[in-house]
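Okay, entry_13.txt now, which holds compact mmCIF, C-alpha atoms:
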# COMPACT_ATOMS: atom_id res chain seq x y z
CA MET A 1 0.00 0.00 0.00
CA GLU A 2 2.77 2.40 0.87
CA ASN A 3 4.41 1.92 -2.54
CA LEU A 4 1.13 2.71 -4.28
CA THR A 5 0.51 5.94 -2.39
CA GLU A 6 4.14 7.00 -2.88
CA SER A 7 3.88 6.34 -6.64
CA ILE A 8 0.64 8.30 -6.80
CA ASP A 9 2.08 11.25 -4.87
CA HIS A 10 5.22 11.23 -7.01
CA ILE A 11 3.33 11.29 -10.31
CA ILE A 12 0.74 13.84 -9.18
CA LYS A 13 3.39 16.44 -8.33
CA TRP A 14 4.34 16.67 -12.02
CA GLY A 15 0.84 17.92 -12.75
CA THR A 16 0.51 20.20 -9.74
CA THR A 17 3.95 21.78 -9.28
CA PRO A 18 5.22 23.82 -12.25
CA LYS A 19 8.84 23.91 -13.36
CA LEU A 20 10.17 21.15 -11.14
CA ASN A 21 13.87 20.44 -11.44
CA ILE A 22 13.68 16.83 -12.60
CA PRO A 23 17.07 15.33 -13.44
CA ASN A 24 16.60 12.76 -16.22
CA GLY A 25 12.90 13.66 -16.22
CA GLU A 26 11.78 11.28 -18.94
CA LEU A 27 13.58 8.37 -17.26
CA ALA A 28 12.09 9.32 -13.88
CA LEU A 29 8.65 9.44 -15.48
CA LYS A 30 9.12 5.99 -17.06
CA GLN A 31 10.20 4.55 -13.71
CA ALA A 32 7.25 6.09 -11.88
CA LEU A 33 4.73 4.87 -14.47
CA ILE A 34 6.15 1.36 -14.38
CA SER A 35 6.01 1.33 -10.56
CA LEU A 36 2.39 2.45 -10.69
CA TYR A 37 1.58 -0.20 -13.28
CA GLN A 38 3.20 -2.88 -11.11
CA GLU A 39 1.04 -1.81 -8.17
CA TYR A 40 -2.05 -2.10 -10.36
CA LEU A 41 -1.11 -5.57 -11.60
CA ALA A 42 -0.50 -6.71 -8.01
CA ILE A 43 -4.10 -5.91 -6.98
CA ALA A 44 -5.94 -6.51 -10.26
CA GLY A 45 -9.05 -8.58 -9.67
CA LYS A 46 -8.59 -8.66 -5.90
CA THR A 47 -10.28 -5.51 -4.64
CA PRO A 48 -13.87 -5.71 -3.38
CA VAL A 49 -16.26 -2.79 -3.78
CA ASP A 50 -16.85 -0.55 -0.78
CA GLU A 51 -20.66 -0.28 -0.72
CA LYS A 52 -20.80 2.87 1.44
CA ASP A 53 -22.01 6.15 -0.03
CA TYR A 54 -19.42 8.89 -0.10
CA PRO A 55 -19.49 12.45 -1.42
CA ASP A 56 -18.34 13.03 -4.97
CA PRO A 57 -14.73 14.10 -5.42
CA PRO A 58 -13.94 17.63 -6.55
CA ASP A 59 -13.53 18.37 -10.24
CA PHE A 60 -9.79 18.57 -10.81
CA ASN A 61 -8.82 21.16 -13.44
CA PHE A 62 -7.56 19.28 -16.51
CA GLU A 63 -6.25 22.40 -18.26
CA LYS A 64 -4.20 23.46 -15.23
CA ILE A 65 -2.75 19.95 -14.93
CA SER A 66 -1.89 19.92 -18.64
CA ASN A 67 -0.17 23.32 -18.48
CA THR A 68 1.83 22.26 -15.44
CA ILE A 69 2.95 19.07 -17.19
CA ARG A 70 4.00 21.14 -20.19
CA SER A 71 6.27 23.18 -17.89
CA ASN A 72 7.83 19.98 -16.51
CA PHE A 73 7.97 17.88 -19.69
CA PRO A 74 8.08 20.22 -22.70
CA LYS A 75 9.04 17.36 -25.07
CA LEU A 76 5.75 15.54 -24.51
CA GLY A 77 3.54 16.25 -27.47
CA PHE A 78 1.78 14.59 -30.35
CA TYR A 79 2.58 11.14 -31.66
CA GLN A 80 1.17 8.89 -34.34
CA MET A 81 -0.46 5.59 -33.43
CA ILE A 82 -2.10 2.67 -35.17
CA LEU A 83 -5.80 2.61 -34.34
CA ASP A 84 -6.34 -1.13 -34.93
CA PRO A 85 -3.07 -3.00 -34.33
CA PHE A 86 -4.61 -6.22 -35.67
CA GLU A 87 -5.44 -4.79 -39.10
CA MET A 88 -2.59 -6.14 -41.20
CA THR A 89 -3.44 -4.97 -44.71
CA LYS A 90 -3.78 -1.20 -44.34
CA PRO A 91 -3.99 -0.05 -40.73
CA ASP A 92 -5.49 3.36 -39.96
CA THR A 93 -3.40 5.76 -37.97
CA GLY A 94 -4.45 8.41 -35.50
CA LEU A 95 -2.91 11.19 -33.50
CA GLY A 96 -2.20 10.81 -29.81
CA ASP A 97 -0.95 13.39 -27.33
CA ALA A 98 1.54 12.38 -24.64
CA ASN A 99 0.74 15.49 -22.59
CA ASP A 100 -2.94 14.56 -22.70
CA ASP A 101 -2.10 10.97 -21.70
CA LEU A 102 -0.17 12.12 -18.64
CA SER A 103 -2.83 14.72 -17.79
CA ASP A 104 -5.51 12.01 -17.80
CA ILE A 105 -3.35 9.72 -15.66
CA ILE A 106 -2.68 12.48 -13.13
CA LYS A 107 -6.32 13.57 -13.00
CA ASP A 108 -7.34 9.94 -12.33
CA LEU A 109 -4.66 9.60 -9.65
CA MET A 110 -5.78 12.82 -7.99
CA GLU A 111 -9.19 11.23 -7.54
CA VAL A 112 -7.62 8.06 -6.13
CA GLN A 113 -5.56 10.20 -3.73
CA TRP A 114 -8.71 12.13 -2.75
CA ARG A 115 -10.47 8.85 -2.01
CA PHE A 116 -7.58 7.66 0.20
CA ASN A 117 -7.91 10.90 2.18
CA ASN A 118 -11.71 11.29 2.22
CA THR A 119 -13.42 7.91 1.87
CA SER A 120 -11.80 4.56 2.72
CA GLU A 121 -8.74 2.59 1.72
CA GLN A 122 -10.98 -0.08 0.20
CA ASP A 123 -12.87 2.52 -1.85
CA ALA A 124 -9.60 4.10 -3.04
CA LEU A 125 -8.12 0.74 -4.03
CA TRP A 126 -11.28 -0.33 -5.81
CA TYR A 127 -11.40 2.96 -7.71
CA PHE A 128 -7.68 2.72 -8.57
CA GLU A 129 -8.17 -0.74 -10.02
CA PHE A 130 -11.33 0.32 -11.85
CA ILE A 131 -9.85 3.48 -13.39
CA MET A 132 -6.64 1.71 -14.39
CA ARG A 133 -8.49 -1.13 -16.10
CA ASN A 134 -10.95 1.15 -17.88
CA HIS A 135 -8.95 4.29 -18.64
CA SER A 136 -5.43 4.93 -17.35
CA GLU A 137 -3.80 1.65 -18.39
CA ARG A 138 -4.06 2.52 -22.10
CA HIS A 139 -2.62 5.99 -21.41
CA ILE A 140 0.30 4.47 -19.50
CA VAL A 141 1.08 2.03 -22.32
CA ASN A 142 0.91 4.78 -24.94
CA LEU A 143 3.02 7.13 -22.84
CA LEU A 144 5.69 4.51 -22.17
CA LYS A 145 5.94 3.77 -25.89
CA THR A 146 6.19 7.48 -26.66
CA LEU A 147 8.92 7.98 -24.04
CA LYS A 148 10.83 5.07 -25.58
CA ASP A 149 10.44 6.58 -29.05
CA LEU A 150 11.63 9.99 -27.76
CA GLU A 151 14.63 8.30 -26.16
CA GLU A 152 15.63 6.74 -29.48
CA GLU A 153 15.19 10.07 -31.25
CA LEU A 154 17.70 11.92 -29.04

As structure tokens, the full file:
Amino acid sequence: MENLTESIDHIIKWGTTPKLNIPNGELALKQALISLYQEYLAIAGKTPVDEKDYPDPPDFNFEKISNTIRSNFPKLGFYQMILDPFEMTKPDTGLGDANDDLSDIIKDLMEVQWRFNNTSEQDALWYFEFIMRNHSERHIVNLLKTLKDLEEEL
């Protein structure tokens, strides 16, 4: 549990604290995302729902998060992706945005963090697993691939 909350706190600061001095920032981001992903895989399918009613979390400002990320990771931008990786004859491509990927991840993690602080540990873990499986996991995979591609470009 401690590793999960530390990973969440670490990643969130990149979307809430502008112009951080991050030595080897892209590598640090890769490491943090992989740690978070490992935490998800360790609990996947094992977290029961907390049936209690809790207040709704606040609406975290996506644009502010995105602008803060831009100040910390200016190289994160658009990338091309294959929309259907199993289409072998003529796959369609689309445009992804690494800043948007990280913004979505951070916004999701801010809600998980809020739940740890304002609801219950069980509710926070359930929501973390749910949001990873249904939203953030794809962003993490895309972002890790983009970071790898940026690394090879430099």

From the list A:Phe73, A:Glu51, A:Met88, A:Asn99, the nearest residue to A:Leu27 using only C-alpha atoms is A:Phe73

List every residue of stretch 72-136 of chain A that has an atom at most 7 Å from any atom of stretch 56-61 of chain A, giving for each one its closest atom pair and the distance in Å to one decimal, counting only C-alpha atoms, sorted by chain and then by ascending residue number, as CSV.
residue,atom,partner,partner_atom,distance
A:Lys107,CA,A:Phe60,CA,6.5
A:Glu111,CA,A:Pro57,CA,6.6
A:Trp114,CA,A:Pro57,CA,6.9

Counting all atoms listed in the file, which residues of stretch 31-140 of chain A sit at most 8 Å from some atom of stretch 6-23 of chain A, and what is each one's closest atom pair with its distance in Å to one decimal, listed by chain and rising residue number, as a tab-separated table?
residue	atom	partner	partner_atom	distance
A:Ala32	CA	A:Ser7	CA	6.2
A:Leu33	CA	A:Ile11	CA	7.8
A:Ser35	CA	A:Ser7	CA	6.7
A:Leu36	CA	A:Ser7	CA	5.8
A:Lys64	CA	A:Gly15	CA	7.9
A:Ile65	CA	A:Gly15	CA	4.7
A:Ser66	CA	A:Gly15	CA	6.8
A:Asn67	CA	A:Gly15	CA	7.9
A:Thr68	CA	A:Pro18	CA	4.9
A:Ile69	CA	A:Gly15	CA	5.0
A:Ser71	CA	A:Lys19	CA	5.3
A:Asn72	CA	A:Lys19	CA	5.1
A:Ser103	CA	A:Gly15	CA	7.0
A:Ile106	CA	A:Ile12	CA	5.4
A:Leu109	CA	A:Ile8	CA	6.2
A:Met110	CA	A:Ile12	CA	6.7
A:Gln113	CA	A:Ile8	CA	7.2

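Nearest residue to A:Leu29 among A:Gly94, A:Leu143, A:Met1, A:Thr89 is A:Leu143, counting all atoms listed in the file.
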
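The space separating atom CA of A:Glu2 from atom CA of A:Glu63 comes to 29.1 Å.
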
Can you write out as a tab-separated table which residues of stretch 14-87 of chain A fall within 9 Å of stretch 133-140 of chain A, alongside each residue's closest atom pair and its distance in Å to one decimal, counting only C-alpha atoms and ordering rows by chain and ascending residue number?
residue	atom	partner	partner_atom	distance
A:Leu33	CA	A:Ile140	CA	6.7
A:Ile34	CA	A:Ile140	CA	8.4
A:Tyr37	CA	A:Glu137	CA	7.6
A:Tyr40	CA	A:Arg133	CA	8.7
A:Ala44	CA	A:Arg133	CA	8.3

- Task: Identify, on the basis of all atoms listed in the file, every residue whose closest approach to A:Val112 does not exceed 9 Å; exclude the query and any residue fewer than 6 positions from it along the same chain; express the result as JSON, numbers by chain.
- Result: {"A": [8, 123, 124, 125, 127, 128, 131]}

Show me as number ranges by chain the residues that reach within 8 Å of (-1.8, 12.4, -31.4), counting all atoms listed in the file and using the file's own coordinates.
-> A: 77-81, 94-98
